[in-house]
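Q: For reference, the structure I am asking about is given below.
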Amino acid sequence: MEKKTVDTLIINGDIFTGDRSQPHYRPGAIAITDGVVVGVGHEQEILSAYDATRKIDARGALVHPGFIETHIHSTGMAYHGAPFSPLSGTASKVNYSSMKAATDPDITAAYTAAAACSMLQRGFTLYFESGTVFETDVFAETMTRCGVRGMVTAPWAWDDMSDMTDGYGLNETLMRRAPADARRVIDQCKRELVRNEDDNALVRGYVGLQGGSSSTDELIREAVGLATESNAIFWQHEAFERNSDAEERRKFGDAGAVRMHRLGALGRNTTLAHMNLLDEQDIELILAMKPGLSWCPNNAMVHRITPPQKCWFPHLYRKGASVSLGVDTTMIHPIGIAGLMSLYLSRLVGDSLNDSDPFYMQTIDAARNVGLGDKLGSLALGKRADVVIREARDITHYSWRDDMGILLSLSSSMIPVDTVLIDGKVVMEKGRLTTMDQDEILAEAVRQRDLLAYRIST
C-alpha cells in the first residue's frame with residue numbers, strides 16, 4: 001500500500017490519547033497534517049501508512065493532548081509569593097486588587113507572554129482567563145504571537161455591587177474601569193465573541209460574569225441568551241464560599257444550581273466555576289441539566305470547604321457530570337497543582353476519585369467545558385494537533401502498565417516538558433519557546449511588575 005505523506009510524525013512515544021475507548025499506545029505514533037491529527041496508534045501501524053517531511057522522536061517519553069486550565073486569573077500570575085494575600089482587603093496601596101486594576105497595554109502584554117510560557121512548561125496549551133484582563137485585544141495579540149490558545153471575556157462583569165465590602169478587594173481604579181453596568185458587560189462580551197468568527201483563531205471569546213451576588217437576575221438572563229445565540233459558553237463564579245452564598249440567597253432568594261436553573265442558565269453551554277456549596281437539590285439539577293463544572297480543589301481547601309462540608313465533585317463525576325480543573329489564582333498555588341489536589345481532597349472527604357480521573361478532567365472534560373470538545377481534548381482523528389511531549393529523564397517519568405493516565409494525574413506539573421505542538425506547529429522545543437525570546441519575556445514581565453508596584457505605592 002502506498003504511504004501517505006503528512007507534515008509531521010511523532011514516533012516512539014508513550015502516548016496517552018485522552019480517549020477512554022483507546023487510551024494508550026506504547027510505542028505509539030501520531031500523524032499530523034494541516035494542524036490536524038490524521039493518524040494515531042501503534043508505531044508500526046502508523047509508520048507503515050505514513051511518511052513525513054518532519055519526524056519528532058519522543059524517545060519513549062510521555063505524550064498527551066495539551067492540558068486545558070479552565071479557571072485562572074492571568075494578571076495574578078506575576079504575583080506568586082507577593083507580600084499580600086488575595087484574601088486580604090485594601091489596607092495598603094499595593095494589594096492584589098490594586099495591582100490587577102492598574103494594568104496598561106505594556107503590562108498586560110508582558111504578563112500574558114510570561115503566563116503563556118509558564119503554561120507551556122507545565123503541559124497546558126489553552127488557558128481560560130476568568131474575567132480579569134482589561135486589555136483583551138493585547139491579551140489576544142500576545143497569546144497569538146506566542147502560539148498559545150486562550151479564552152477571554154469582558155473584565156469584571158457585574159451590575160450589582162450593593163453588598164460588596166473591602167474584603168472583596170474593591171478600589172476606586174477598579175470601579176472606574178469596570179463600573180457595575182449591565183450594558184457595558186453585554187456590549188464587551190459581544191465584542192469578544194467576534195473573535196469566534198475565525199474558526200482557526202487561537203484566542204476565542206466567551207460570555208462570562210463575575211457571578212454570585214454581583215450579577216442580577218436580569219443580567220444573567222441576558223448573558224445566557226447571548227451565549228446561546230452565539231453558540232458560545234456562558235460562564236460565571238458560583239457557590240464559592242459561605243458568606244457570598246448567604247448574601248446571594250438574601251438578595252435573590254436562592255443560589256447555586258437552583259438559581260441558575262430558575263434563570264435558564266443550567267444548560268450544556270454553561271460552565272460554573274467553584275460550586276463548592278451544594279445540597280441535594282443542586283445535585284439533582286446538575287445531573288439532569290448537565291452543565292460543566294470547573295472545580296478548584298486547592299481554593300476549596302484554602303476556604304475550608306472541607307469536612308464537615310460535603311465535597312460533591314467525586315460523586316458528580318462518577319454520575320457523568322463534566323468536571324474540569326482550575327487553579328484560580330497562582331499567588332499561593334502553582335500551575336498544575338489542581339490534579340494532585342483533587343485526588344487529595346477526594347480522599348479527605350472519603351469519596352476517592354480514580355487515580356486517572358484528573359488526567360481526563362484536564363483534557364477531554366476541560367475541552368467540553370470551554371466549548372471546544374469537538375476540536376480539542378484528545379489525540380483523536382480530526383481533532384486539532386495540540387500535543388505535549390514530556391522529557392524522559394529518570395525512572396519516575398516512565399509508565400509501566402499505566403494505560404489510564406495515572407502518572408499524568410499524579411505528577412504532571414513535576415515532569416518537565418520537552419516539546420509542545422499547537423495546531424501542529426512546534427511552539428516549544430527542549431523546554432524553550434520557539435516563537436519569541438523566552439528570557440526577554442521573563443525580564444520584561446518582572447520589570448513591568450516592579451514598575452507597577454512602585455507607581456501604585458508612590
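We label chains A, B, ... in the order they appear in the C-alpha cells, count residues from 1 in each chain, and number ligands from 1 in the order shown.
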Any idea what's packed within 12 Å of A:Thr396, counting only C-alpha atoms, ignoring anything in its chain fewer than 4 positions away? Could you give it as a list in words?
A: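 These residues fall inside the cut-off: Ala61, Leu62, Glu391, Ala392, Trp400, Leu407, Leu408, Leu410, Ser411, Ser412, Met414, Ile415 and Pro416 of chain A.
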Q: For the residues in that selection, give me N, CA and C atoms as a PDB file, in the first residue's frame.
A:
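Result written to selection_0.pdb:
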ATOM      1  N   ALA A  61       9.247   8.993  25.832  1.00  0.00           N
ATOM      2  CA  ALA A  61       8.643   9.865  26.851  1.00  0.00           C
ATOM      3  C   ALA A  61       7.116   9.864  26.754  1.00  0.00           C
ATOM      4  N   LEU A  62       6.487  10.362  27.801  1.00  0.00           N
ATOM      5  CA  LEU A  62       5.037  10.513  27.830  1.00  0.00           C
ATOM      6  C   LEU A  62       4.601  11.550  26.800  1.00  0.00           C
ATOM      7  N   GLU A 391       9.673  15.241  28.974  1.00  0.00           N
ATOM      8  CA  GLU A 391      11.054  14.758  28.939  1.00  0.00           C
ATOM      9  C   GLU A 391      11.124  13.341  29.511  1.00  0.00           C
ATOM     10  N   ALA A 392      12.130  12.607  29.057  1.00  0.00           N
ATOM     11  CA  ALA A 392      12.348  11.251  29.567  1.00  0.00           C
ATOM     12  C   ALA A 392      13.659  11.253  30.334  1.00  0.00           C
ATOM     13  N   TRP A 400       4.504   2.139  33.524  1.00  0.00           N
ATOM     14  CA  TRP A 400       4.684   0.693  33.447  1.00  0.00           C
ATOM     15  C   TRP A 400       3.477   0.131  32.698  1.00  0.00           C
ATOM     16  N   LEU A 407      -0.080   8.308  35.930  1.00  0.00           N
ATOM     17  CA  LEU A 407       1.153   9.070  36.152  1.00  0.00           C
ATOM     18  C   LEU A 407       0.945  10.550  35.835  1.00  0.00           C
ATOM     19  N   LEU A 408       0.203  10.841  34.780  1.00  0.00           N
ATOM     20  CA  LEU A 408      -0.050  12.238  34.413  1.00  0.00           C
ATOM     21  C   LEU A 408      -0.958  12.926  35.424  1.00  0.00           C
ATOM     22  N   LEU A 410      -1.024  12.222  38.689  1.00  0.00           N
ATOM     23  CA  LEU A 410      -0.340  12.367  39.968  1.00  0.00           C
ATOM     24  C   LEU A 410       0.776  13.400  39.941  1.00  0.00           C
ATOM     25  N   SER A 411       1.502  13.489  38.848  1.00  0.00           N
ATOM     26  CA  SER A 411       2.718  14.303  38.887  1.00  0.00           C
ATOM     27  C   SER A 411       2.948  15.100  37.621  1.00  0.00           C
ATOM     28  N   SER A 412       1.878  15.494  36.952  1.00  0.00           N
ATOM     29  CA  SER A 412       2.037  16.153  35.661  1.00  0.00           C
ATOM     30  C   SER A 412       2.786  17.474  35.768  1.00  0.00           C
ATOM     31  N   MET A 414       5.162  18.157  37.610  1.00  0.00           N
ATOM     32  CA  MET A 414       6.557  17.953  38.011  1.00  0.00           C
ATOM     33  C   MET A 414       7.387  17.236  36.951  1.00  0.00           C
ATOM     34  N   ILE A 415       6.754  16.768  35.875  1.00  0.00           N
ATOM     35  CA  ILE A 415       7.503  16.121  34.801  1.00  0.00           C
ATOM     36  C   ILE A 415       7.833  17.187  33.761  1.00  0.00           C
ATOM     37  N   PRO A 416       9.092  17.493  33.538  1.00  0.00           N
ATOM     38  CA  PRO A 416       9.431  18.582  32.608  1.00  0.00           C
ATOM     39  C   PRO A 416       8.876  18.335  31.207  1.00  0.00           C
TER      40      PRO A 416
END
Q: Tell me which protein, DNA and RNA residues are within 12 Å of A:Pro334, counting only C-alpha atoms, leaving out same-chain ones fewer than 5 positions away, and put them as a list of chain:residue names.
A: A:Ile72, A:Gly76, A:Met77, A:Ala78, A:Tyr79, A:His80, A:Gly81, A:Ala115, A:Ser118, A:Met119, A:Arg122, A:Asn298, A:Asn299, A:Gly326, A:Val327, A:Asp328, A:Thr329, A:Gly339, A:Leu340, A:Met341, A:Ser413, A:Met414
Q: Output C-alpha atoms for every residue in the selection just made, as a PDB file, in the first residue's frame.
A:
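Saved result, again-v8.pdb, follows:
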ATOM      1  CA  ILE A  72      -7.198  31.210  36.061  1.00  0.00           C
ATOM      2  CA  GLY A  76      -2.232  37.490  39.087  1.00  0.00           C
ATOM      3  CA  MET A  77       0.385  35.087  37.729  1.00  0.00           C
ATOM      4  CA  ALA A  78       3.160  37.654  38.201  1.00  0.00           C
ATOM      5  CA  TYR A  79       2.433  37.957  41.937  1.00  0.00           C
ATOM      6  CA  HIS A  80       3.383  34.496  43.188  1.00  0.00           C
ATOM      7  CA  GLY A  81       4.790  34.885  46.696  1.00  0.00           C
ATOM      8  CA  ALA A 115       1.947  33.318  31.544  1.00  0.00           C
ATOM      9  CA  SER A 118       4.623  29.097  32.219  1.00  0.00           C
ATOM     10  CA  MET A 119       1.606  27.239  30.896  1.00  0.00           C
ATOM     11  CA  ARG A 122       3.679  22.564  32.501  1.00  0.00           C
ATOM     12  CA  ASN A 298      -6.848  23.950  46.132  1.00  0.00           C
ATOM     13  CA  ASN A 299      -9.034  27.027  46.682  1.00  0.00           C
ATOM     14  CA  GLY A 326      -8.747  25.180  37.657  1.00  0.00           C
ATOM     15  CA  VAL A 327      -6.110  26.743  39.875  1.00  0.00           C
ATOM     16  CA  ASP A 328      -7.863  30.165  40.108  1.00  0.00           C
ATOM     17  CA  THR A 329      -5.081  32.350  41.491  1.00  0.00           C
ATOM     18  CA  GLY A 339      -4.879  17.475  39.578  1.00  0.00           C
ATOM     19  CA  LEU A 340      -2.978  16.242  42.591  1.00  0.00           C
ATOM     20  CA  MET A 341      -5.094  18.342  44.984  1.00  0.00           C
ATOM     21  CA  SER A 413       3.242  19.515  36.944  1.00  0.00           C
ATOM     22  CA  MET A 414       6.557  17.953  38.011  1.00  0.00           C
TER      23      MET A 414
END
Q: Within 12 Å of A:Gly267, counting only C-alpha atoms, which residues qualify if same-chain residues fewer than 2 places away don't, as a ChimeraX atom specification?
A: /A:224-225,227-228,232-235,257,260-265,269-272,285-293,369
Q: Please identify which residues in stretch 237-426 of chain A DSSP calls alpha helix (DSSP H) from the backbone, and express them as JSON, numbers by chain.
A: {"A": [242, 243, 244, 245, 246, 247, 248, 249, 250, 251, 252, 256, 257, 258, 259, 260, 261, 262, 280, 281, 282, 283, 284, 285, 286, 287, 288, 289, 297, 298, 299, 300, 301, 302, 313, 314, 315, 316, 317, 318, 338, 339, 340, 341, 342, 343, 344, 345, 346, 347, 348, 357, 358, 359, 360, 361, 364, 365, 366, 367, 368, 369, 406, 407, 408, 409, 410, 411]}
Q: Quick one: residues within 10 Å of stretch 152-157 of chain A, only C-alpha atoms, excluding same-chain residues fewer than 3 positions away - as an MDAnalysis selection string?
A: chainID A and resid 101 127:137 139:140 160 174:175 177:182 184:193 195 203:211 214:215 219 235:236
Q: For the strand (DSSP E) assignment from backbone DSSP, which residues of stretch 398-428 of chain A qualify? Please present them as a compact mmCIF listing (two decimals) with N, CA and C atoms, in the first residue's frame.
A:
# COMPACT_ATOMS: atom_id res chain seq x y z
N VAL A 417 8.56 19.43 30.53
CA VAL A 417 8.06 19.38 29.16
C VAL A 417 9.22 19.63 28.21
N ASP A 418 9.33 18.79 27.19
CA ASP A 418 10.35 18.99 26.17
C ASP A 418 9.79 19.74 24.97
N THR A 419 8.72 19.22 24.37
CA THR A 419 8.20 19.76 23.11
C THR A 419 6.70 19.93 23.20
N VAL A 420 6.19 21.02 22.63
CA VAL A 420 4.75 21.26 22.55
C VAL A 420 4.41 21.67 21.12
N LEU A 421 3.39 21.03 20.57
CA LEU A 421 2.82 21.44 19.29
C LEU A 421 1.42 21.95 19.52
N ILE A 422 1.07 23.05 18.91
CA ILE A 422 -0.29 23.59 18.92
C ILE A 422 -0.69 23.83 17.48
N LYS A 425 2.01 23.01 15.00
CA LYS A 425 3.21 23.83 14.95
C LYS A 425 4.00 23.68 16.24
N VAL A 426 5.31 23.53 16.14
CA VAL A 426 6.15 23.41 17.33
C VAL A 426 6.31 24.80 17.96
N VAL A 427 5.75 24.97 19.16
CA VAL A 427 5.84 26.26 19.85
C VAL A 427 6.79 26.19 21.04
N MET A 428 7.16 24.98 21.44
CA MET A 428 8.18 24.81 22.48
C MET A 428 9.04 23.61 22.11
Q: Which one is closest to A:Ile456: A:Ala49, A:Ile11, A:Met99, A:Leu433? Count only C-alpha atoms.
A: A:Met99
Q: What is the atom CA of A:Ala338 to atom CA of A:Gly35 distance in Å?
A: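 Computing it gives 28.9 Å between the two atoms.
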Q: Smallest atom-to-atom distance to A:Gly60: which of A:Ser244, A:Asn95, A:Thr33, A:Asn12, using only C-alpha atoms?
A: A:Asn12
